[in-house]
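*Asks:* Below you will find the structure I want to go over with you.
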Amino acid sequence: MATAQPVAPAPLTGALPTEFIAVERAVKDPVLGHDITVTRLARNLPWPQGTSPAQMAAFELVGVEMRWTPGTTYTAAIRTVDFALFTGSPFPNRPDPIINAQLAAALWSLLPAEVSAAPATGWIVVKVDPKAATAIRLDYTRPITAVTGTSTRFPKETFSIQLVG
């Protein structure tokens, strides 16, 4: 019986960067106690080979390296889906795993889908519209959070870090 061999990720259209934009800005959710620090930014990440030229012309792949330290008062998680980059586009730019396999193969640490206990440091990649945006803001939106076994509810709230511009 043959065993399945792992499939190598598609090659990228260029090399991964070795120089980054230092950010070192943080926000703290005063209710849940989460600390979120953006350490570095990588712009113009290469696309997987075979990506449509129209997509590559319209969007930019931006890597955001963050350190997530969950609060200890509650067991609420910090989740990748709660992050977006805003660039002036009418829609938020959400994390996209389009080159996660290539980053992992290149030994870039990736953030997990969620963190609820131990701190984690790693990258998320976002497909940004428009390409070469002159202003980029990271928003972390804490969802409505209910404390189990109580009537306590914390409202949805957004915390922002200006990354560029």
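So you can find residues: chains in the structure tokens are A, B, ... in the order shown, residues in each start at 1, and ligands are numbered from 1 in order.
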Would you pick out the contacts of segment 85-89 of chain A at 10 Å or less, using only C-alpha atoms, so that residues sharing its chain but fewer than 5 positions from it are not included, and give the list as a VMD selection string?
*Replies:* chain A and resid 62 64 94 to 95 126 to 140 160 to 165
*Asks:* Report the closest atom pair, with its distance in Å rounded to one decimal, for each residue of segment 66-131 of chain A that has an atom no farther than 9 Å from segment 46-56 of chain A; count only C-alpha atoms, sort by chain and then rising residue number, and write it as JSON lines.
*Replies:*
```
{"residue": "A:Ile98", "atom": "CA", "partner": "A:Pro48", "partner_atom": "CA", "distance": 7.7}
{"residue": "A:Ile99", "atom": "CA", "partner": "A:Pro48", "partner_atom": "CA", "distance": 6.8}
{"residue": "A:Gln102", "atom": "CA", "partner": "A:Pro48", "partner_atom": "CA", "distance": 8.4}
{"residue": "A:Lys131", "atom": "CA", "partner": "A:Met56", "partner_atom": "CA", "distance": 8.5}
```
*Asks:* Could you pull the residues within 12 Å of Thr158 of chain A, counting only C-alpha atoms, minus those fewer than 5 positions along the same chain, as a PyMOL selection string?
*Replies:* chain A and resi 27-30+82-84+137-144
*Asks:* Just checking: using only C-alpha atoms, which residue out of A:Gly33, A:Pro17, A:Pro155, A:Pro11 ends up closest to Thr69 of chain A?
*Replies:*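 The shortest atom-to-atom distance to Thr69 of chain A comes from A:Gly33.
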*Asks:* Just checking: using only C-alpha atoms, which residue out of A:Ala101, A:Ala42, A:Leu61, A:Ala146 ends up closest to Ala76 of chain A?
*Replies:*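 Among A:Ala101, A:Ala42, A:Leu61, A:Ala146, it is A:Ala146 that comes nearest to Ala76 of chain A.
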*Asks:* Name all residues at most 9 Å from Arg79 of chain A (count only C-alpha atoms; drop same-chain ones fewer than 5 positions away) and give them as a PyMOL selection string.
*Replies:* chain A and resi 112-116
*Asks:* Enumerate, as an MDAnalysis selection string, the complete set of residues in segment 14-153 of chain A that a backbone-based DSSP assignment places in strand (DSSP E or B).
*Replies:* chainID A and resid 21:28 35:45 48 60:69 78:79 83:86 93 95 110 114:115 120:128 136:142 145:146 153
*Asks:* So, with only C-alpha atoms as the atoms that count, which of A:Leu110, A:Ala105, A:Ala4, A:Ile36 lies closest to Pro70 of chain A?
*Replies:*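 Using only C-alpha atoms, Pro70 of chain A sits closest to A:Ile36.
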*Asks:* Which residue out of A:Val7, A:Val38, A:Leu12, A:Leu32 has the minimum interatomic distance to Gly122 of chain A when only C-alpha atoms are used?
*Replies:*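 Using only C-alpha atoms, Gly122 of chain A sits closest to A:Val38.
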